[in-house]
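Asks: Okay, so here is my_file13.txt, and as you'll see once you scroll down, it has compact mmCIF, N, CA and C atoms.
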# COMPACT_ATOMS: atom_id res chain seq x y z
N MET A 1207 16.26 -20.59 -12.71
CA MET A 1207 15.34 -20.41 -11.60
C MET A 1207 15.42 -21.61 -10.67
N SER A 1208 14.94 -21.39 -9.48
CA SER A 1208 14.96 -22.49 -8.52
C SER A 1208 13.86 -23.49 -8.84
N ALA A 1209 14.03 -24.68 -8.34
CA ALA A 1209 13.03 -25.73 -8.56
C ALA A 1209 11.69 -25.34 -7.96
N THR A 1210 11.72 -24.68 -6.81
CA THR A 1210 10.48 -24.26 -6.15
C THR A 1210 9.74 -23.24 -7.01
N LEU A 1211 10.46 -22.27 -7.52
CA LEU A 1211 9.84 -21.26 -8.37
C LEU A 1211 9.30 -21.88 -9.65
N ASP A 1212 10.04 -22.78 -10.23
CA ASP A 1212 9.57 -23.48 -11.43
C ASP A 1212 8.25 -24.20 -11.15
N LYS A 1213 8.16 -24.85 -10.00
CA LYS A 1213 6.93 -25.58 -9.63
C LYS A 1213 5.77 -24.60 -9.46
N ILE A 1214 6.02 -23.47 -8.83
CA ILE A 1214 4.97 -22.47 -8.63
C ILE A 1214 4.46 -21.96 -9.98
N ILE A 1215 5.37 -21.64 -10.87
CA ILE A 1215 4.99 -21.16 -12.20
C ILE A 1215 4.18 -22.22 -12.94
N GLU A 1216 4.60 -23.44 -12.84
CA GLU A 1216 3.87 -24.55 -13.47
C GLU A 1216 2.45 -24.64 -12.92
N GLU A 1217 2.30 -24.51 -11.60
CA GLU A 1217 0.98 -24.58 -10.97
C GLU A 1217 0.11 -23.40 -11.40
N VAL A 1218 0.69 -22.20 -11.47
CA VAL A 1218 -0.07 -21.02 -11.86
C VAL A 1218 -0.59 -21.17 -13.29
N ARG A 1219 0.20 -21.75 -14.15
CA ARG A 1219 -0.22 -21.93 -15.54
C ARG A 1219 -1.41 -22.87 -15.67
N THR A 1220 -1.64 -23.71 -14.67
CA THR A 1220 -2.78 -24.63 -14.73
C THR A 1220 -4.08 -23.97 -14.26
N LEU A 1221 -3.98 -22.77 -13.69
CA LEU A 1221 -5.17 -22.06 -13.22
C LEU A 1221 -5.97 -21.52 -14.40
N SER A 1222 -7.26 -21.39 -14.19
CA SER A 1222 -8.11 -20.78 -15.21
C SER A 1222 -7.76 -19.29 -15.30
N PRO A 1223 -8.13 -18.63 -16.39
CA PRO A 1223 -7.87 -17.18 -16.50
C PRO A 1223 -8.47 -16.40 -15.34
N ASP A 1224 -9.66 -16.78 -14.90
CA ASP A 1224 -10.29 -16.10 -13.76
C ASP A 1224 -9.47 -16.30 -12.48
N GLU A 1225 -9.01 -17.52 -12.26
CA GLU A 1225 -8.20 -17.80 -11.07
C GLU A 1225 -6.86 -17.07 -11.15
N GLN A 1226 -6.28 -16.98 -12.33
CA GLN A 1226 -5.03 -16.23 -12.50
C GLN A 1226 -5.25 -14.75 -12.17
N GLN A 1227 -6.38 -14.20 -12.61
CA GLN A 1227 -6.70 -12.80 -12.32
C GLN A 1227 -6.87 -12.59 -10.81
N GLN A 1228 -7.55 -13.52 -10.16
CA GLN A 1228 -7.72 -13.43 -8.70
C GLN A 1228 -6.37 -13.48 -8.00
N LEU A 1229 -5.49 -14.35 -8.47
CA LEU A 1229 -4.15 -14.45 -7.89
C LEU A 1229 -3.39 -13.14 -8.07
N ARG A 1230 -3.48 -12.56 -9.28
CA ARG A 1230 -2.82 -11.27 -9.52
C ARG A 1230 -3.32 -10.20 -8.56
N GLU A 1231 -4.64 -10.16 -8.35
CA GLU A 1231 -5.22 -9.17 -7.44
C GLU A 1231 -4.71 -9.36 -6.02
N VAL A 1232 -4.65 -10.60 -5.56
CA VAL A 1232 -4.16 -10.87 -4.21
C VAL A 1232 -2.69 -10.46 -4.10
N LEU A 1233 -1.89 -10.81 -5.09
CA LEU A 1233 -0.47 -10.46 -5.05
C LEU A 1233 -0.26 -8.95 -5.12
N ASP A 1234 -1.06 -8.26 -5.93
CA ASP A 1234 -0.97 -6.80 -6.00
C ASP A 1234 -1.34 -6.16 -4.67
N ARG A 1235 -2.41 -6.68 -4.05
CA ARG A 1235 -2.85 -6.15 -2.76
C ARG A 1235 -1.76 -6.36 -1.70
N GLU A 1236 -1.15 -7.54 -1.71
CA GLU A 1236 -0.07 -7.83 -0.76
C GLU A 1236 1.12 -6.91 -0.98
N ALA A 1237 1.44 -6.64 -2.24
CA ALA A 1237 2.57 -5.76 -2.55
C ALA A 1237 2.29 -4.35 -2.06
N ARG A 1238 1.05 -3.86 -2.27
CA ARG A 1238 0.70 -2.51 -1.79
C ARG A 1238 0.74 -2.46 -0.27
N THR A 1239 0.27 -3.51 0.39
CA THR A 1239 0.30 -3.55 1.85
C THR A 1239 1.73 -3.54 2.37
N ALA A 1240 2.59 -4.31 1.74
CA ALA A 1240 4.00 -4.35 2.15
C ALA A 1240 4.66 -2.99 1.95
N GLU A 1241 4.35 -2.34 0.84
CA GLU A 1241 4.92 -1.01 0.58
C GLU A 1241 4.42 0.00 1.60
N LEU A 1242 3.14 -0.07 1.94
CA LEU A 1242 2.59 0.84 2.94
C LEU A 1242 3.26 0.61 4.29
N ARG A 1243 3.45 -0.64 4.67
CA ARG A 1243 4.14 -0.95 5.94
C ARG A 1243 5.56 -0.40 5.93
N ARG A 1244 6.25 -0.53 4.79
CA ARG A 1244 7.61 -0.04 4.68
C ARG A 1244 7.64 1.48 4.87
N ILE A 1245 6.70 2.18 4.26
CA ILE A 1245 6.65 3.63 4.38
C ILE A 1245 6.29 4.04 5.80
N GLN A 1246 5.32 3.36 6.39
CA GLN A 1246 4.92 3.68 7.76
C GLN A 1246 6.08 3.48 8.72
N SER A 1247 6.82 2.41 8.56
CA SER A 1247 7.93 2.17 9.48
C SER A 1247 9.05 3.19 9.26
N LYS A 1248 9.21 3.64 8.04
CA LYS A 1248 10.24 4.63 7.73
C LYS A 1248 9.98 5.93 8.48
N TYR A 1249 8.70 6.31 8.61
CA TYR A 1249 8.36 7.59 9.23
C TYR A 1249 7.76 7.43 10.62
N ALA A 1250 7.81 6.25 11.18
CA ALA A 1250 7.19 6.01 12.50
C ALA A 1250 7.79 6.89 13.59
N HIS A 1251 9.06 7.21 13.47
CA HIS A 1251 9.73 8.01 14.49
C HIS A 1251 9.22 9.45 14.56
N LEU A 1252 8.49 9.90 13.55
CA LEU A 1252 8.00 11.28 13.53
C LEU A 1252 6.87 11.49 14.53
N GLY A 1253 6.10 10.46 14.82
CA GLY A 1253 5.07 10.55 15.84
C GLY A 1253 3.91 11.47 15.48
N VAL A 1254 3.64 11.65 14.22
CA VAL A 1254 2.55 12.51 13.79
C VAL A 1254 1.45 11.64 13.18
N SER A 1255 0.27 11.73 13.78
CA SER A 1255 -0.84 10.95 13.24
C SER A 1255 -1.52 11.73 12.12
N SER A 1256 -2.28 11.04 11.31
CA SER A 1256 -3.00 11.72 10.24
C SER A 1256 -4.06 12.66 10.82
N ASP A 1257 -4.61 12.32 11.98
CA ASP A 1257 -5.57 13.22 12.63
C ASP A 1257 -4.91 14.52 13.04
N ASP A 1258 -3.70 14.43 13.61
CA ASP A 1258 -2.96 15.64 13.98
C ASP A 1258 -2.67 16.49 12.75
N PHE A 1259 -2.26 15.83 11.68
CA PHE A 1259 -1.97 16.55 10.45
C PHE A 1259 -3.22 17.24 9.92
N ALA A 1260 -4.36 16.55 9.95
CA ALA A 1260 -5.61 17.13 9.44
C ALA A 1260 -6.01 18.36 10.25
N VAL A 1261 -5.84 18.31 11.56
CA VAL A 1261 -6.17 19.45 12.42
C VAL A 1261 -5.27 20.63 12.07
N ARG A 1262 -3.97 20.38 11.94
CA ARG A 1262 -3.04 21.47 11.60
C ARG A 1262 -3.35 22.05 10.22
N LYS A 1263 -3.66 21.20 9.29
CA LYS A 1263 -3.98 21.66 7.93
C LYS A 1263 -5.24 22.51 7.94
N ALA A 1264 -6.26 22.09 8.68
CA ALA A 1264 -7.50 22.87 8.78
C ALA A 1264 -7.23 24.24 9.39
N GLU A 1265 -6.35 24.29 10.39
CA GLU A 1265 -5.98 25.58 11.00
C GLU A 1265 -5.27 26.47 9.98
N GLU A 1266 -4.37 25.90 9.20
CA GLU A 1266 -3.67 26.67 8.17
C GLU A 1266 -4.64 27.22 7.14
N ILE A 1267 -5.60 26.41 6.72
CA ILE A 1267 -6.58 26.85 5.73
C ILE A 1267 -7.45 27.96 6.29
N ALA A 1268 -7.88 27.81 7.54
CA ALA A 1268 -8.69 28.85 8.18
C ALA A 1268 -7.91 30.16 8.26
N LEU A 1269 -6.64 30.10 8.59
CA LEU A 1269 -5.81 31.29 8.67
C LEU A 1269 -5.67 31.95 7.29
N GLU A 1270 -5.45 31.15 6.26
CA GLU A 1270 -5.35 31.68 4.91
C GLU A 1270 -6.67 32.33 4.48
N ASP A 1271 -7.79 31.69 4.83
CA ASP A 1271 -9.10 32.24 4.46
C ASP A 1271 -9.34 33.58 5.15
N ARG A 1272 -8.88 33.75 6.38
CA ARG A 1272 -9.07 35.02 7.10
C ARG A 1272 -8.24 36.13 6.47
N ARG A 1273 -7.12 35.77 5.88
CA ARG A 1273 -6.24 36.78 5.26
C ARG A 1273 -6.79 37.30 3.93
N ARG A 1274 -7.71 36.60 3.35
CA ARG A 1274 -8.25 37.01 2.03
C ARG A 1274 -9.29 38.06 2.15
What is this structure when it is put down as structure tokens?

Replies:
Amino acid sequence: MSATLDKIIEEVRTLSPDEQQQLREVLDREARTAELRRIQSKYAHLGVSSDDFAVRKAEEIALEDRRR
């Protein structure tokens, strides 16, 4: 491992269990945010908002309900 990573690991080990848990939560949140950004950028060219999707879905459901 790199010297920088070794130093970080050493510092993390000095944290209390509560502080380590808080760090894990922050890192998990950052990872989820990064993944969401990656997915959003992957589909950004589609130009469909969630509001547009919800309206179309509601129309589909209403149409299905009328057919029953």

Asks: From the DSSP assignment of the backbone, select every residue of chain A that is alpha helix (DSSP H), and format the answer as a PyMOL selection string.

Replies: chain A and resi 1209-1219+1223-1248+1256-1273

Asks: So how many Å separate atom N of Arg1235 in chain A and CA of Val1218 in chain A, to one decimal?

Replies: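 CA of Val1218 in chain A lies 16.5 Å from atom N of Arg1235 in chain A.
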
Asks: Could you tell me how far atom C of Lys1213 in chain A lies from CA of Ala1240 in chain A, in Å and to one decimal?

Replies: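 Computing it gives 23.4 Å between the two atoms.
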
Asks: Please, what distance in Å, to one decimal, runs between CA of Val1261 in chain A and CA of Arg1243 in chain A?

Replies: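 Computed distance, CA of Val1261 in chain A to CA of Arg1243 in chain A, equals 23.8 Å.
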